[in-house]
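Structure file query_36.txt with compact mmCIF, C-alpha atoms:
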```
# COMPACT_ATOMS: atom_id res chain seq x y z
CA MET R 1 13.63 4.43 -32.68
CA THR R 2 14.76 7.73 -31.16
CA ASP R 3 13.98 8.70 -27.58
CA ASP R 4 11.48 11.33 -28.78
CA HIS R 5 9.70 8.79 -30.97
CA GLN R 6 9.69 6.26 -28.12
CA GLU R 7 8.19 8.82 -25.71
CA GLN R 8 5.52 9.71 -28.30
CA ALA R 9 4.73 6.02 -28.81
CA ASP R 10 4.41 5.54 -25.04
CA ALA R 11 2.13 8.57 -24.81
CA ASP R 12 -0.08 7.27 -27.64
CA ARG R 13 -0.35 3.79 -26.11
CA PRO R 14 -3.63 3.39 -24.17
CA PRO R 15 -3.21 2.92 -20.40
CA LEU R 16 -3.45 -0.63 -19.07
CA GLU R 17 -5.18 -1.86 -15.92
CA THR R 18 -4.64 -5.30 -14.40
CA VAL R 19 -7.05 -7.73 -12.77
CA SER R 20 -6.64 -11.25 -11.40
CA PHE R 21 -9.15 -13.75 -10.08
CA THR R 22 -9.41 -17.44 -9.25
CA PHE R 23 -9.34 -19.53 -12.43
CA ASP R 24 -12.67 -20.93 -13.50
CA ARG R 25 -13.68 -21.65 -17.10
CA MET R 26 -17.07 -20.01 -16.84
CA THR R 27 -15.66 -16.94 -15.07
CA VAL R 28 -12.94 -16.55 -17.71
CA ALA R 29 -15.54 -16.91 -20.46
CA ARG R 30 -17.70 -14.16 -18.91
CA PHE R 31 -14.60 -11.98 -18.47
CA ARG R 32 -13.51 -12.41 -22.11
CA GLU R 33 -17.04 -11.64 -23.28
CA THR R 34 -17.06 -8.39 -21.28
CA PHE R 35 -13.44 -7.47 -22.12
CA PRO R 36 -12.68 -8.77 -25.65
CA ASN R 37 -9.43 -6.75 -25.79
CA ALA R 38 -8.06 -8.19 -22.53
CA ARG R 39 -4.79 -10.12 -22.70
CA TRP R 40 -3.13 -12.46 -20.20
CA SER R 41 0.34 -11.37 -18.99
CA ASP R 42 2.69 -14.15 -17.84
CA ARG R 43 5.03 -11.53 -16.36
CA LEU R 44 2.31 -9.90 -14.24
CA GLN R 45 0.34 -13.12 -13.70
CA ALA R 46 -2.80 -11.08 -14.36
CA TRP R 47 -5.14 -9.97 -17.13
CA THR R 48 -4.46 -6.57 -18.70
CA VAL R 49 -7.31 -4.39 -19.92
CA PRO R 50 -6.61 -1.29 -22.07
CA GLY R 51 -8.55 1.97 -21.90
CA LYS R 52 -8.88 5.06 -19.75
CA THR R 53 -12.09 3.74 -18.15
CA ALA R 54 -10.78 0.20 -17.72
CA ARG R 55 -10.49 0.41 -13.93
CA LYS R 56 -14.13 1.49 -13.48
CA ARG R 57 -15.31 -1.23 -15.88
CA ILE R 58 -13.24 -3.85 -14.05
CA GLU R 59 -14.64 -2.78 -10.67
CA ARG R 60 -18.22 -3.01 -12.01
CA TRP R 61 -17.53 -6.49 -13.39
CA LEU R 62 -15.94 -7.66 -10.13
CA ALA R 63 -18.96 -6.36 -8.20
CA LEU R 64 -21.32 -8.32 -10.48
CA GLU R 65 -19.22 -11.47 -10.09
CA ALA R 66 -19.24 -11.04 -6.31
CA GLU R 67 -23.04 -10.82 -6.30
CA ARG R 68 -23.21 -13.90 -8.51
CA ARG R 69 -21.03 -15.95 -6.13
CA LYS R 70 -22.20 -14.46 -2.84
CA PRO R 71 -24.96 -16.91 -1.80
CA TYR R 72 -22.88 -20.00 -2.55
CA GLU R 73 -19.60 -18.71 -1.13
CA GLU R 74 -21.24 -17.34 2.03
CA GLU R 75 -22.78 -20.72 2.79
CA ARG R 76 -19.49 -22.46 2.01
CA GLY R 77 -17.66 -20.05 4.34
CA ARG R 78 -20.10 -20.73 7.17
CA ASP R 79 -19.64 -24.49 6.73
CA ALA R 80 -15.85 -24.17 6.62
CA PHE R 81 -15.82 -22.13 9.82
CA ALA R 82 -18.12 -24.62 11.58
CA PHE R 83 -15.89 -27.52 10.50
CA GLU R 84 -12.53 -25.84 11.23
CA PRO R 85 -13.04 -22.63 13.23
CA ILE R 86 -10.39 -20.00 13.94
CA LEU R 87 -10.14 -19.75 17.73
CA SER R 88 -8.46 -16.49 18.62
CA PRO R 89 -9.01 -13.55 20.98
CA TYR R 90 -8.53 -11.27 17.96
CA LEU R 91 -11.53 -12.68 16.04
CA GLN R 92 -15.25 -12.41 16.79
CA VAL R 93 -18.20 -13.78 14.82
CA PHE R 94 -21.22 -11.61 13.98
CA ASP R 95 -24.28 -11.96 11.74
CA SER R 96 -22.63 -11.55 8.33
CA GLY R 97 -19.04 -12.57 9.03
CA PHE R 98 -16.11 -11.80 11.28
CA ARG R 99 -14.77 -8.80 13.17
CA ILE R 100 -11.02 -8.62 13.72
CA ARG R 101 -9.54 -6.29 16.32
CA THR R 102 -5.75 -6.27 16.88
CA PRO R 103 -3.05 -3.85 18.02
CA TYR R 104 -1.82 -1.83 15.06
CA SER R 105 0.59 -3.73 12.84
CA ARG R 106 1.59 -2.96 9.25
CA THR R 107 1.79 -6.70 8.58
CA VAL R 108 -1.77 -7.23 9.84
CA VAL R 109 -3.07 -4.38 7.68
CA ASP R 110 -1.23 -5.64 4.58
CA GLU R 111 -2.54 -9.17 5.05
CA LEU R 112 -6.15 -8.12 5.67
CA ARG R 113 -6.15 -5.76 2.71
CA GLN R 114 -5.51 -8.80 0.50
CA VAL R 115 -8.54 -10.68 1.82
CA PRO R 116 -11.43 -10.20 -0.67
CA PHE R 117 -14.14 -7.81 0.53
CA ALA R 118 -12.31 -6.97 3.78
CA ARG R 119 -13.53 -3.60 5.10
CA TRP R 120 -12.18 -1.29 7.80
CA ASN R 121 -14.93 -0.09 10.14
CA GLY R 122 -13.58 3.24 11.38
CA ASP R 123 -16.38 3.79 13.89
CA ASP R 124 -15.78 0.54 15.79
CA LYS R 125 -12.05 0.32 14.95
CA VAL R 126 -12.32 -3.23 13.58
CA TRP R 127 -11.84 -5.06 10.29
CA GLU R 128 -14.95 -6.79 8.97
CA ILE R 129 -14.68 -9.90 6.79
CA PRO R 130 -17.69 -11.67 5.22
CA PHE R 131 -18.18 -15.43 5.57
CA ALA R 132 -17.55 -15.74 1.83
CA SER R 133 -13.88 -14.77 2.38
CA TYR R 134 -13.22 -17.31 5.14
CA ASP R 135 -10.87 -19.49 3.07
CA ASP R 136 -8.66 -16.50 2.28
CA LEU R 137 -8.74 -15.32 5.89
CA GLN R 138 -7.85 -18.78 7.20
CA HIS R 139 -4.95 -19.01 4.75
CA ARG R 140 -3.46 -15.76 6.13
CA TRP R 141 -4.48 -16.13 9.77
CA GLU R 142 -1.21 -17.57 11.10
CA THR R 143 0.71 -14.54 9.81
CA ILE R 144 -1.98 -12.14 11.07
CA GLU R 145 -2.12 -13.59 14.57
CA GLU R 146 1.66 -13.78 14.95
CA ALA R 147 2.03 -10.12 13.88
CA ALA R 148 -0.78 -9.10 16.25
CA ARG R 149 0.89 -10.81 19.19
CA ARG R 150 4.21 -9.12 18.40
CA SER R 151 2.40 -5.78 18.40
CA GLU R 152 0.95 -6.16 21.90
CA PRO R 153 2.26 -3.38 24.20
CA GLU R 154 3.99 -5.86 26.52
CA GLU R 155 5.78 -7.56 23.63
CA ARG R 156 6.87 -4.19 22.25
CA ARG R 157 8.19 -3.24 25.70
CA LYS R 158 10.20 -6.45 25.94
CA ARG R 159 11.80 -5.89 22.55
CA ALA R 160 12.58 -2.28 23.43
CA GLU R 161 14.26 -3.44 26.65
CA ALA R 162 16.29 -6.00 24.70
CA ARG R 163 17.46 -3.33 22.22
CA ARG R 164 18.46 -0.84 24.91
CA GLY R 165 22.13 0.04 24.64
CA THR R 166 22.66 -2.02 21.48
CA GLU R 167 23.93 -0.91 18.07
CA GLU R 168 20.42 -1.52 16.70
CA GLU R 169 19.01 1.16 19.03
CA ALA R 170 21.80 3.57 18.16
CA LYS R 171 21.21 3.03 14.46
CA ALA R 172 17.47 3.69 14.86
CA LYS R 173 18.21 6.96 16.69
CA ARG R 174 20.62 8.07 13.93
CA ARG R 175 18.00 7.26 11.31
CA LEU R 176 15.37 9.30 13.19
CA THR R 177 17.77 12.23 13.59
CA GLU R 178 18.52 12.22 9.86
CA ARG R 179 14.81 12.08 8.96
CA LYS R 180 14.07 15.11 11.17
CA LYS R 181 16.44 17.17 9.00
CA ARG R 182 13.97 16.80 6.09
CA ARG R 183 16.72 16.68 3.49
CA LEU R 184 17.33 14.40 0.51
CA PRO R 185 20.38 13.94 -1.77
CA VAL R 186 19.42 14.35 -5.44
CA SER R 187 21.44 14.35 -8.65
CA SER R 188 22.61 17.87 -9.54
CA ASP R 189 22.23 16.99 -13.24
CA ASP R 190 18.57 15.98 -12.95
CA LEU R 191 16.73 17.82 -10.18
CA PRO R 192 13.22 16.80 -9.07
CA PRO R 193 10.30 19.13 -9.87
CA PRO R 194 9.50 21.35 -6.87
CA GLY R 195 6.00 21.29 -5.40
CA ARG R 196 5.06 17.94 -6.95
CA PRO R 197 5.00 14.50 -5.27
CA VAL R 198 7.95 12.29 -6.18
CA ALA R 199 8.94 8.88 -4.85
CA THR R 200 12.17 8.30 -2.93
CA ALA R 201 13.91 5.24 -1.51
CA ALA R 202 14.44 6.74 1.95
CA TYR R 203 11.17 8.58 2.70
CA GLY R 204 8.51 7.29 0.32
CA ILE R 205 6.53 9.90 -1.62
CA VAL R 206 7.44 13.47 -0.66
CA VAL R 207 7.21 16.98 -2.08
CA ILE R 208 10.48 18.82 -2.77
CA THR R 209 10.38 22.31 -1.27
CA ASP R 210 13.78 23.66 -2.28
CA VAL R 211 17.25 22.74 -3.55
CA SER R 212 20.07 24.37 -1.59
CA GLY R 213 22.84 23.51 -4.02
CA GLU R 214 25.04 22.31 -1.14
CA ILE R 215 27.10 19.30 -2.26
CA VAL R 216 26.66 16.23 -0.06
CA ASP R 217 29.47 14.29 1.59
CA PRO R 218 28.83 10.67 0.53
CA GLU R 219 30.95 9.21 3.35
CA GLN R 220 29.00 10.98 6.08
CA ILE R 221 25.58 9.86 4.84
CA ALA R 222 26.41 6.42 3.42
CA GLU R 223 24.45 4.72 6.22
CA HIS R 224 21.21 6.51 5.28
CA HIS R 225 21.72 7.25 1.55
CA PRO R 226 24.08 4.60 0.10
CA ALA R 227 23.46 5.66 -3.53
CA ALA R 228 24.56 9.28 -2.98
CA THR R 229 27.72 10.49 -4.72
CA GLU R 230 29.70 13.73 -4.98
CA GLU R 231 27.39 14.66 -7.87
CA HIS R 232 24.43 14.94 -5.48
CA VAL R 233 23.17 18.07 -3.75
CA TRP R 234 20.78 18.58 -0.83
CA ALA R 235 17.07 19.17 -1.42
CA GLY R 236 14.49 19.97 1.26
CA TRP R 237 11.24 18.01 1.44
CA ARG R 238 7.91 17.75 3.24
CA PRO R 239 5.24 15.01 3.39
CA SER R 240 2.69 14.92 0.57
CA THR R 241 -0.89 15.85 1.36
CA LEU R 242 -3.77 13.56 0.49
CA ASP R 243 -5.06 16.06 -2.07
CA GLU R 244 -1.67 16.19 -3.80
CA LEU R 245 -1.47 12.40 -3.92
CA VAL R 246 -4.98 12.03 -5.30
CA HIS R 247 -4.15 14.41 -8.16
CA THR R 248 -0.81 12.74 -9.01
CA TRP R 249 -0.81 10.67 -12.20
CA PRO R 250 1.04 7.34 -11.69
CA ALA R 251 4.05 6.22 -13.71
CA ARG R 252 3.47 3.41 -16.17
CA SER R 253 6.54 1.43 -15.14
CA GLU R 254 8.75 0.69 -12.14
CA PRO R 255 11.79 2.95 -11.60
CA GLY R 256 14.96 1.89 -13.41
CA GLU R 257 18.57 2.00 -12.26
CA TYR R 258 18.99 5.59 -13.43
CA GLU R 259 15.97 6.83 -11.42
CA LEU R 260 17.17 5.00 -8.31
CA LEU R 261 20.65 6.50 -8.59
CA ARG R 262 19.45 10.07 -9.10
CA GLY R 263 17.40 9.81 -5.89
CA TRP R 264 13.78 10.25 -7.08
CA TRP R 265 11.24 8.99 -9.59
CA ASN R 266 7.59 9.38 -10.57
CA PRO R 267 5.54 7.18 -8.20
CA THR R 268 3.85 4.01 -9.41
CA LEU R 269 0.19 3.22 -8.79
CA ASP R 270 1.01 0.83 -5.93
CA GLU R 271 3.22 3.46 -4.28
CA LEU R 272 0.48 6.07 -4.63
CA ARG R 273 -2.19 3.78 -3.17
CA GLU R 274 -0.08 3.10 -0.08
CA ALA R 275 0.87 6.77 0.32
CA ARG R 276 -2.79 7.83 -0.03
CA ARG R 277 -3.80 5.34 2.66
CA VAL R 278 -1.14 6.68 5.04
CA ALA R 279 -2.01 10.32 4.26
CA LYS R 280 -5.71 9.63 4.78
CA SER R 281 -5.02 8.07 8.19
CA ARG R 282 -2.72 10.96 9.12
CA GLU R 283 -5.31 13.58 8.19
CA ARG R 284 -8.07 11.66 10.00
CA ARG R 285 -5.98 11.53 13.18
CA LYS R 286 -5.26 15.25 12.87
CA SER R 287 -8.96 15.97 12.42
CA GLU R 288 -9.93 13.81 15.40
CA SER R 289 -7.24 15.43 17.53
CA GLY R 290 -8.43 18.90 16.55
CA GLY R 291 -12.04 17.98 17.31
CA ALA R 292 -11.10 16.65 20.76
CA ALA R 293 -9.14 19.82 21.50
CA ARG R 294 -12.10 22.00 20.50
CA ARG R 295 -14.48 19.95 22.66
CA GLY R 296 -12.09 20.32 25.60
CA ALA R 297 -11.93 24.07 25.11
CA ASP R 298 -15.73 24.31 24.91
CA ALA R 299 -16.01 22.33 28.16
CA LEU R 300 -13.83 24.89 29.90
```

Reformat the file's structure so that it appears as structure tokens.
Amino acid sequence: MTDDHQEQADADRPPLETVSFTFDRMTVARFRETFPNARWSDRLQAWTVPGKTARKRIERWLALEAERRKPYEEERGRDAFAFEPILSPYLQVFDSGFRIRTPYSRTVVDELRQVPFARWNGDDKVWEIPFASYDDLQHRWETIEEAARRSEPEERRKRAEARRGTEEEAKAKRRLTERKKRRLPVSSDDLPPPGRPVATAAYGIVVITDVSGEIVDPEQIAEHHPAATEEHVWAGWRPSTLDELVHTWPARSEPGEYELLRGWWNPTLDELREARRVAKSRERRKSESGGAARRGADAL
């Protein structure tokens, strides 16, 4: 099959969405009844559902399943907590579950996002977890608490003191200096599209603003861009906005060796979800900062 025919076949193939859940014969039977075209993927360890509306249909089905299990699992979660409670200054119990407040840590966020029905309460700055998810929370709690302790200001200060004057600190400063230049080596034979979000190994998802045509020196930048060669040129970049990320269509597959070597690729769904989360937080902080500045000006 030629490349053109392969691309046409890929374009004609309906998009696939994945879903996984705890194995239970009755749950699987209900799932297969709702999604007769679903197939199990050993590679993904998940069910795949074809169709452009598959994600919305999956979310509706998951919501129905959650309502079906809620009374039983909530009572089971309450009993499990009473029998083997988590005792931690980072966890508080309230009427419908748990509130978790920790110093910011990417590890904590990643772990809590994988707990079913975990919700970030932006007003109170806490994560809220229902009793029904206690087993999952307990399974991840050791990692969560350890990451939270490492993120305490005093612990951060101690680590910073220990790094002072070391090669690790010098390397971090060089990395920050290079990032501030807002430049990226890209293959001169396959330039990224300007003005559109693309994924990169060094800076995540960015928007290319211009290509200078200046050839890079691979030896000088090997520490920050090990894949760069004499065939690469410098491109300028800026962070992607939330609106740009929301309107970016995800790639159907992970980047291959060629995409990694050329320096950019079309972002996957997982990469877009993470970038959207970061962009949303960044824009919220900017909005809150602007609101505080306006209130301060009005007070004067």

Residue with smallest distance to R:Leu137 - pool R:Ser41, R:Ser88, R:Ser253, R:Gln114, counting only C-alpha atoms | R:Gln114

Excluding R:Arg76 and residues on its chain fewer than 2 positions from it, collect all residues at most 12 Å away from it, counting only C-alpha atoms, and give them as a ChimeraX atom specification.
-> /R:69-74,78-83,130-135

Close residues, R:Trp127 itself excluded, 12 Å, all atoms listed in the file, min 6 positions apart in chain, as a list in words = Tyr90, Leu91, Gln92, Val93, Gly97, Phe98, Arg99, Ile100, Arg101, Thr102, Pro103, Tyr104, Val108, Val109, Glu111, Leu112, Arg113, Val115, Phe117, Ala118, Arg119, Trp120, Asn121 and Leu137 of chain R

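By only C-alpha atoms, and with residues fewer than 6 positions from stretch 279-288 of chain R along its chain excluded, the set lying at most 8 Å from it is Ser240, Thr241 and Leu242 of chain R.
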
Can you list, as a list in words, every protein, DNA or RNA residue that comes within 8 Å of R:Pro239 when you count only C-alpha atoms, leaving out same-chain residues fewer than 6 positions away?
-> Ile205, Val206 and Val207 of chain R

Would you mind exporting C-alpha atoms of the selected residues as a PDB file, in the coordinates of the input?
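What ended up in out_13.pdb:
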```
ATOM      1  CA  ILE R 205       6.530   9.900  -1.620  1.00  0.00           C
ATOM      2  CA  VAL R 206       7.440  13.470  -0.660  1.00  0.00           C
ATOM      3  CA  VAL R 207       7.210  16.980  -2.080  1.00  0.00           C
TER       4      VAL R 207
END
```

Between R:Asp270, R:Asp210, R:Glu259, R:Glu169, which is the closest to R:Arg182 once you count only C-alpha atoms?
-> R:Asp210

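You can rank R:Ile215, R:Ala38, R:Val126, R:Ile221 by their closest distance to R:Arg174 using all atoms listed in the file, and at the top of that list sits R:Ile221.
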
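Atom pair atom CA of R:Asp190 / atom CA of R:Glu244 has a distance of 22.2 Å (rounded to one decimal).
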
Atom pair atom CA of R:Thr200 / atom CA of R:Asp110: separation (Å) =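 Taking atom CA of R:Thr200 and atom CA of R:Asp110, their separation equals 20.7 Å.
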
Find the residue from R:Thr34, R:Glu75, R:Pro192, R:Gly51 that sits nearest to R:Pro15; use all atoms listed in the file when measuring.
->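 Nearest candidate to R:Pro15 out of R:Thr34, R:Glu75, R:Pro192, R:Gly51: R:Gly51.
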
Could you tell me which of R:Pro194, R:Tyr203, R:Thr268, R:Arg277 comes closest to R:Gly256 if we count only C-alpha atoms?
-> R:Thr268

Shell around R:Phe35 at 9 Å using all atoms listed in the file, local window under 4 positions removed, as a PyMOL selection string | chain R and resi 30-31+49+58

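In this model, the gap between atom CA of R:Thr209 and atom CA of R:Trp237 comes to 5.2 Å.
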
Smallest atom-to-atom distance to R:Thr229: which of R:Val186, R:Ala251, R:Val211, R:Leu245, using all atoms listed in the file?
-> R:Val186

Mind giving me the axis-aligned box for stretch 273-280 of chain R with 6 Å on every side, centre plus edges in Å to one decimal, as AutoDock Vina command-line options?
```
--center_x -2.4 --center_y 6.7 --center_z 0.9 --size_x 18.6 --size_y 19.2 --size_z 20.2
```

Residues within 12 Å of (10.8, 5.7, -12.3), file coords, all atoms listed in the file, listed as a PyMOL selection string | chain R and resi 192+198-201+250-269+271
